[in-house]
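Quick look at data12.cif (mmCIF, N, CA and C atoms):
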```
data_run
loop_
_atom_site.group_PDB
_atom_site.id
_atom_site.type_symbol
_atom_site.label_atom_id
_atom_site.label_comp_id
_atom_site.auth_asym_id
_atom_site.auth_seq_id
_atom_site.Cartn_x
_atom_site.Cartn_y
_atom_site.Cartn_z
ATOM 1 N N MET A 1 -42.860 178.251 -40.010
ATOM 2 C CA MET A 1 -41.930 177.875 -41.053
ATOM 3 C C MET A 1 -42.747 177.559 -42.307
ATOM 4 N N ALA A 2 -42.532 178.281 -43.372
ATOM 5 C CA ALA A 2 -43.315 178.134 -44.585
ATOM 6 C C ALA A 2 -43.066 176.789 -45.276
ATOM 7 N N ASN A 3 -41.831 176.464 -45.560
ATOM 8 C CA ASN A 3 -41.466 175.215 -46.221
ATOM 9 C C ASN A 3 -40.430 174.484 -45.383
ATOM 10 N N PRO A 4 -40.859 173.729 -44.369
ATOM 11 C CA PRO A 4 -39.877 173.041 -43.533
ATOM 12 C C PRO A 4 -39.083 172.030 -44.357
ATOM 13 N N LYS A 5 -37.784 171.962 -44.104
ATOM 14 C CA LYS A 5 -36.945 170.995 -44.805
ATOM 15 C C LYS A 5 -36.014 170.325 -43.800
ATOM 16 N N LYS A 6 -35.629 169.106 -44.144
ATOM 17 C CA LYS A 6 -34.760 168.314 -43.287
ATOM 18 C C LYS A 6 -33.372 168.938 -43.222
ATOM 19 N N CYS A 7 -32.753 168.809 -42.083
ATOM 20 C CA CYS A 7 -31.371 169.239 -41.895
ATOM 21 C C CYS A 7 -30.487 168.568 -42.948
ATOM 22 N N ALA A 8 -29.479 169.277 -43.452
ATOM 23 C CA ALA A 8 -28.600 168.758 -44.504
ATOM 24 C C ALA A 8 -27.625 167.686 -44.014
ATOM 25 N N ASN A 9 -27.497 167.492 -42.699
ATOM 26 C CA ASN A 9 -26.689 166.396 -42.171
ATOM 27 C C ASN A 9 -27.449 165.100 -42.453
ATOM 28 N N ALA A 10 -26.831 164.177 -43.207
ATOM 29 C CA ALA A 10 -27.521 162.962 -43.662
ATOM 30 C C ALA A 10 -28.093 162.119 -42.525
ATOM 31 N N THR A 11 -27.465 162.091 -41.361
ATOM 32 C CA THR A 11 -27.956 161.245 -40.269
ATOM 33 C C THR A 11 -28.953 161.947 -39.367
ATOM 34 N N CYS A 12 -29.123 163.234 -39.527
ATOM 35 C CA CYS A 12 -30.010 164.008 -38.661
ATOM 36 C C CYS A 12 -31.452 163.942 -39.162
ATOM 37 N N THR A 13 -32.389 163.862 -38.243
ATOM 38 C CA THR A 13 -33.808 163.816 -38.604
ATOM 39 C C THR A 13 -34.527 165.132 -38.305
ATOM 40 N N CYS A 14 -33.813 166.125 -37.825
ATOM 41 C CA CYS A 14 -34.416 167.416 -37.461
ATOM 42 C C CYS A 14 -34.776 168.246 -38.692
ATOM 43 N N LEU A 15 -35.612 169.236 -38.469
ATOM 44 C CA LEU A 15 -35.921 170.203 -39.505
ATOM 45 C C LEU A 15 -35.028 171.422 -39.319
ATOM 46 N N ALA A 16 -34.527 171.944 -40.420
ATOM 47 C CA ALA A 16 -33.703 173.144 -40.377
ATOM 48 C C ALA A 16 -34.603 174.372 -40.277
ATOM 49 N N GLN A 17 -34.093 175.412 -39.651
ATOM 50 C CA GLN A 17 -34.847 176.657 -39.558
ATOM 51 C C GLN A 17 -34.947 177.291 -40.944
ATOM 52 N N GLU A 18 -35.918 178.161 -41.108
ATOM 53 C CA GLU A 18 -36.124 178.836 -42.384
ATOM 54 C C GLU A 18 -34.835 179.523 -42.843
ATOM 55 N N LYS A 19 -34.490 179.365 -44.100
ATOM 56 C CA LYS A 19 -33.305 179.945 -44.753
ATOM 57 C C LYS A 19 -31.993 179.360 -44.241
ATOM 58 N N LYS A 20 -32.046 178.201 -43.575
ATOM 59 C CA LYS A 20 -30.836 177.532 -43.087
ATOM 60 C C LYS A 20 -30.810 176.113 -43.645
ATOM 61 N N LYS A 21 -29.593 175.572 -43.840
ATOM 62 C CA LYS A 21 -29.441 174.204 -44.319
ATOM 63 C C LYS A 21 -29.379 173.201 -43.172
ATOM 64 N N PHE A 22 -28.940 173.662 -42.000
ATOM 65 C CA PHE A 22 -28.697 172.767 -40.872
ATOM 66 C C PHE A 22 -29.551 173.160 -39.665
ATOM 67 N N CYS A 23 -29.783 172.197 -38.771
ATOM 68 C CA CYS A 23 -30.592 172.450 -37.586
ATOM 69 C C CYS A 23 -29.775 173.013 -36.432
ATOM 70 N N SER A 24 -28.442 172.865 -36.484
ATOM 71 C CA SER A 24 -27.609 173.269 -35.357
ATOM 72 C C SER A 24 -26.184 173.565 -35.814
ATOM 73 N N ASP A 25 -25.426 174.177 -34.926
ATOM 74 C CA ASP A 25 -24.004 174.431 -35.202
ATOM 75 C C ASP A 25 -23.251 173.113 -35.358
ATOM 76 N N HIS A 26 -23.645 172.110 -34.577
ATOM 77 C CA HIS A 26 -23.000 170.801 -34.681
ATOM 78 C C HIS A 26 -23.126 170.246 -36.099
ATOM 79 N N CYS A 27 -24.344 170.209 -36.613
ATOM 80 C CA CYS A 27 -24.570 169.647 -37.945
ATOM 81 C C CYS A 27 -23.868 170.476 -39.020
ATOM 82 N N GLU A 28 -23.854 171.770 -38.872
ATOM 83 C CA GLU A 28 -23.157 172.616 -39.830
ATOM 84 C C GLU A 28 -21.651 172.345 -39.788
ATOM 85 N N GLY A 29 -21.113 172.100 -38.609
ATOM 86 C CA GLY A 29 -19.694 171.843 -38.448
ATOM 87 C C GLY A 29 -19.245 170.497 -38.985
ATOM 88 N N ILE A 30 -20.155 169.575 -39.183
ATOM 89 C CA ILE A 30 -19.817 168.258 -39.713
ATOM 90 C C ILE A 30 -19.299 168.375 -41.142
ATOM 91 N N GLY A 31 -19.827 169.319 -41.906
ATOM 92 C CA GLY A 31 -19.392 169.498 -43.288
ATOM 93 C C GLY A 31 -19.665 168.265 -44.115
ATOM 94 N N ASN A 32 -18.639 167.758 -44.812
ATOM 95 C CA ASN A 32 -18.790 166.582 -45.669
ATOM 96 C C ASN A 32 -18.479 165.283 -44.957
ATOM 97 N N LYS A 33 -18.242 165.331 -43.652
ATOM 98 C CA LYS A 33 -17.963 164.112 -42.890
ATOM 99 C C LYS A 33 -19.266 163.353 -42.673
ATOM 100 N N LEU A 34 -19.160 162.060 -42.457
ATOM 101 C CA LEU A 34 -20.334 161.235 -42.220
ATOM 102 C C LEU A 34 -20.340 160.755 -40.779
ATOM 103 N N GLU A 35 -21.458 160.956 -40.103
ATOM 104 C CA GLU A 35 -21.632 160.457 -38.734
ATOM 105 C C GLU A 35 -22.441 159.170 -38.790
ATOM 106 N N ILE A 36 -22.192 158.276 -37.866
ATOM 107 C CA ILE A 36 -23.024 157.080 -37.736
ATOM 108 C C ILE A 36 -24.294 157.440 -36.977
ATOM 109 N N LEU A 37 -24.157 158.236 -35.925
ATOM 110 C CA LEU A 37 -25.284 158.731 -35.134
ATOM 111 C C LEU A 37 -25.245 160.249 -35.140
ATOM 112 N N CYS A 38 -26.384 160.873 -35.236
ATOM 113 C CA CYS A 38 -26.430 162.328 -35.176
ATOM 114 C C CYS A 38 -26.233 162.769 -33.730
ATOM 115 N N LEU A 39 -25.342 163.709 -33.533
ATOM 116 C CA LEU A 39 -25.050 164.210 -32.194
ATOM 117 C C LEU A 39 -25.407 165.689 -32.056
ATOM 118 N N CYS A 40 -26.478 166.108 -32.739
ATOM 119 C CA CYS A 40 -26.864 167.521 -32.708
ATOM 120 C C CYS A 40 -27.423 167.942 -31.351
ATOM 121 N N GLY A 41 -27.859 166.969 -30.541
ATOM 122 C CA GLY A 41 -28.375 167.275 -29.222
ATOM 123 C C GLY A 41 -29.886 167.387 -29.149
ATOM 124 N N HIS A 42 -30.563 167.334 -30.276
ATOM 125 C CA HIS A 42 -32.021 167.390 -30.266
ATOM 126 C C HIS A 42 -32.596 166.015 -29.931
ATOM 127 N N ALA A 43 -33.717 165.995 -29.262
ATOM 128 C CA ALA A 43 -34.358 164.743 -28.843
ATOM 129 C C ALA A 43 -34.584 163.821 -30.042
ATOM 130 N N GLY A 44 -34.193 162.553 -29.892
ATOM 131 C CA GLY A 44 -34.425 161.567 -30.932
ATOM 132 C C GLY A 44 -33.276 161.388 -31.906
ATOM 133 N N CYS A 45 -32.433 162.377 -32.057
ATOM 134 C CA CYS A 45 -31.348 162.279 -33.039
ATOM 135 C C CYS A 45 -30.134 161.535 -32.516
ATOM 136 N N ASP A 46 -29.935 161.491 -31.226
ATOM 137 C CA ASP A 46 -28.721 160.879 -30.688
ATOM 138 C C ASP A 46 -28.864 159.390 -30.424
ATOM 139 N N VAL A 47 -30.010 158.810 -30.704
ATOM 140 C CA VAL A 47 -30.199 157.401 -30.376
ATOM 141 C C VAL A 47 -30.625 156.544 -31.563
ATOM 142 N N THR A 48 -30.707 157.116 -32.761
ATOM 143 C CA THR A 48 -31.140 156.334 -33.908
ATOM 144 C C THR A 48 -30.095 156.374 -35.015
ATOM 145 N N VAL A 49 -30.013 155.298 -35.757
ATOM 146 C CA VAL A 49 -29.158 155.239 -36.939
ATOM 147 C C VAL A 49 -30.067 155.405 -38.137
ATOM 148 N N GLN A 50 -29.730 156.309 -39.001
ATOM 149 C CA GLN A 50 -30.552 156.579 -40.170
ATOM 150 C C GLN A 50 -29.934 155.949 -41.410
ATOM 151 N N GLN A 51 -30.736 155.259 -42.212
ATOM 152 C CA GLN A 51 -30.288 154.702 -43.486
ATOM 153 C C GLN A 51 -30.732 155.658 -44.571
ATOM 154 N N THR A 52 -29.805 156.147 -45.374
ATOM 155 C CA THR A 52 -30.171 157.040 -46.464
ATOM 156 C C THR A 52 -30.158 156.262 -47.765
ATOM 157 N N SER A 53 -30.888 156.733 -48.750
ATOM 158 C CA SER A 53 -31.052 156.007 -50.000
ATOM 159 C C SER A 53 -29.742 155.836 -50.761
ATOM 160 N N ASP A 54 -28.761 156.708 -50.560
ATOM 161 C CA ASP A 54 -27.509 156.605 -51.297
ATOM 162 C C ASP A 54 -26.439 155.808 -50.549
ATOM 163 N N MET A 55 -26.800 155.215 -49.415
ATOM 164 C CA MET A 55 -25.857 154.408 -48.654
ATOM 165 C C MET A 55 -26.238 152.935 -48.776
ATOM 166 N N PRO A 56 -25.260 152.038 -49.015
ATOM 167 C CA PRO A 56 -25.592 150.611 -49.079
ATOM 168 C C PRO A 56 -25.988 150.089 -47.706
ATOM 169 N N GLU A 57 -26.799 149.057 -47.707
ATOM 170 C CA GLU A 57 -27.219 148.437 -46.449
ATOM 171 C C GLU A 57 -26.262 147.296 -46.130
ATOM 172 N N PHE A 58 -25.797 147.220 -44.899
ATOM 173 C CA PHE A 58 -24.859 146.193 -44.486
ATOM 174 C C PHE A 58 -25.480 145.325 -43.410
ATOM 175 N N ASP A 59 -25.197 144.031 -43.474
ATOM 176 C CA ASP A 59 -25.614 143.100 -42.433
ATOM 177 C C ASP A 59 -24.415 142.889 -41.525
ATOM 178 N N LEU A 60 -24.476 143.394 -40.305
ATOM 179 C CA LEU A 60 -23.362 143.290 -39.377
ATOM 180 C C LEU A 60 -23.505 142.115 -38.419
ATOM 181 N N ASN A 61 -24.493 141.264 -38.648
ATOM 182 C CA ASN A 61 -24.685 140.078 -37.824
ATOM 183 C C ASN A 61 -24.034 138.891 -38.528
ATOM 184 N N PHE A 62 -22.906 138.453 -38.007
ATOM 185 C CA PHE A 62 -22.215 137.323 -38.610
ATOM 186 C C PHE A 62 -21.428 136.586 -37.541
ATOM 187 N N GLU A 63 -21.082 135.334 -37.851
ATOM 188 C CA GLU A 63 -20.290 134.527 -36.941
ATOM 189 C C GLU A 63 -18.946 134.245 -37.586
ATOM 190 N N VAL A 64 -17.912 134.161 -36.767
ATOM 191 C CA VAL A 64 -16.562 133.885 -37.257
ATOM 192 C C VAL A 64 -16.135 132.526 -36.730
ATOM 193 N N ASP A 65 -15.656 131.667 -37.631
ATOM 194 C CA ASP A 65 -15.142 130.352 -37.249
ATOM 195 C C ASP A 65 -13.629 130.423 -37.142
ATOM 196 N N GLY A 66 -13.073 129.912 -36.085
ATOM 197 C CA GLY A 66 -11.632 129.865 -35.922
ATOM 198 C C GLY A 66 -11.061 131.107 -35.281
ATOM 199 N N PRO A 67 -9.744 131.117 -35.092
ATOM 200 C CA PRO A 67 -9.074 132.239 -34.435
ATOM 201 C C PRO A 67 -9.018 133.454 -35.377
ATOM 202 N N PRO A 68 -8.802 134.645 -34.819
ATOM 203 C CA PRO A 68 -8.687 135.825 -35.663
ATOM 204 C C PRO A 68 -7.455 135.757 -36.557
ATOM 205 N N ALA A 69 -7.544 136.358 -37.716
ATOM 206 C CA ALA A 69 -6.428 136.371 -38.654
ATOM 207 C C ALA A 69 -5.308 137.245 -38.113
ATOM 208 N N ARG A 70 -4.064 136.875 -38.392
ATOM 209 C CA ARG A 70 -2.918 137.676 -37.971
ATOM 210 C C ARG A 70 -2.587 138.652 -39.079
ATOM 211 N N LEU A 71 -2.264 139.852 -38.694
ATOM 212 C CA LEU A 71 -1.905 140.886 -39.684
ATOM 213 C C LEU A 71 -0.440 140.926 -39.940
#
```
What do you get writing this file as structure tokens?
Amino acid sequence: MANPKKCANATCTCLAQEKKKFCSDHCEGIGNKLEILCLCGHAGCDVTVQQTSDMPEFDLNFEVDGPPARL
């Protein structure tokens, strides 16, 4: 591969094949949707969450006091 480039799926860490934007049919099928975890099936992609520079960082560790709010 002359110029390896990352798969165009934002959560995927794989390299796309030459002259392709995506590493797999799965990633190509995602289109403009956002995945939390990459499910392309390649080793390492299905178990990590990737933070991209254009996504805000969230702290999901918090405690709640009292009963849940009623809707």
Exercise. Might you spell out which residues the PyMOL selection byres ((chain A and resi 21) around 7) would select in the displayed file, as number ranges by chain?
Key: A: 6-9, 16-20, 22-24
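Between CA of Ile30 in chain A and CA of Ala43 in chain A lies a distance of 18.5 Å.
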Quiz item: Rounded to one decimal in Å, what is the spacing between CA of Ile36 in chain A and CA of Cys14 in chain A?
Solution: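 Going from CA of Ile36 in chain A over to CA of Cys14 in chain A, I get 15.4 Å.
For the pair CA of Thr11 in chain A and CA of Gly41 in chain A, the interatomic distance is 12.6 Å.
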Self-check item: Explicit residue set for the PyMOL selection byres (((chain A and resi 40 and name CA) around 7) and name CA), as JSON, numbers by chain
Solution: {"A": [24, 26, 27, 38, 39, 41, 42, 45]}
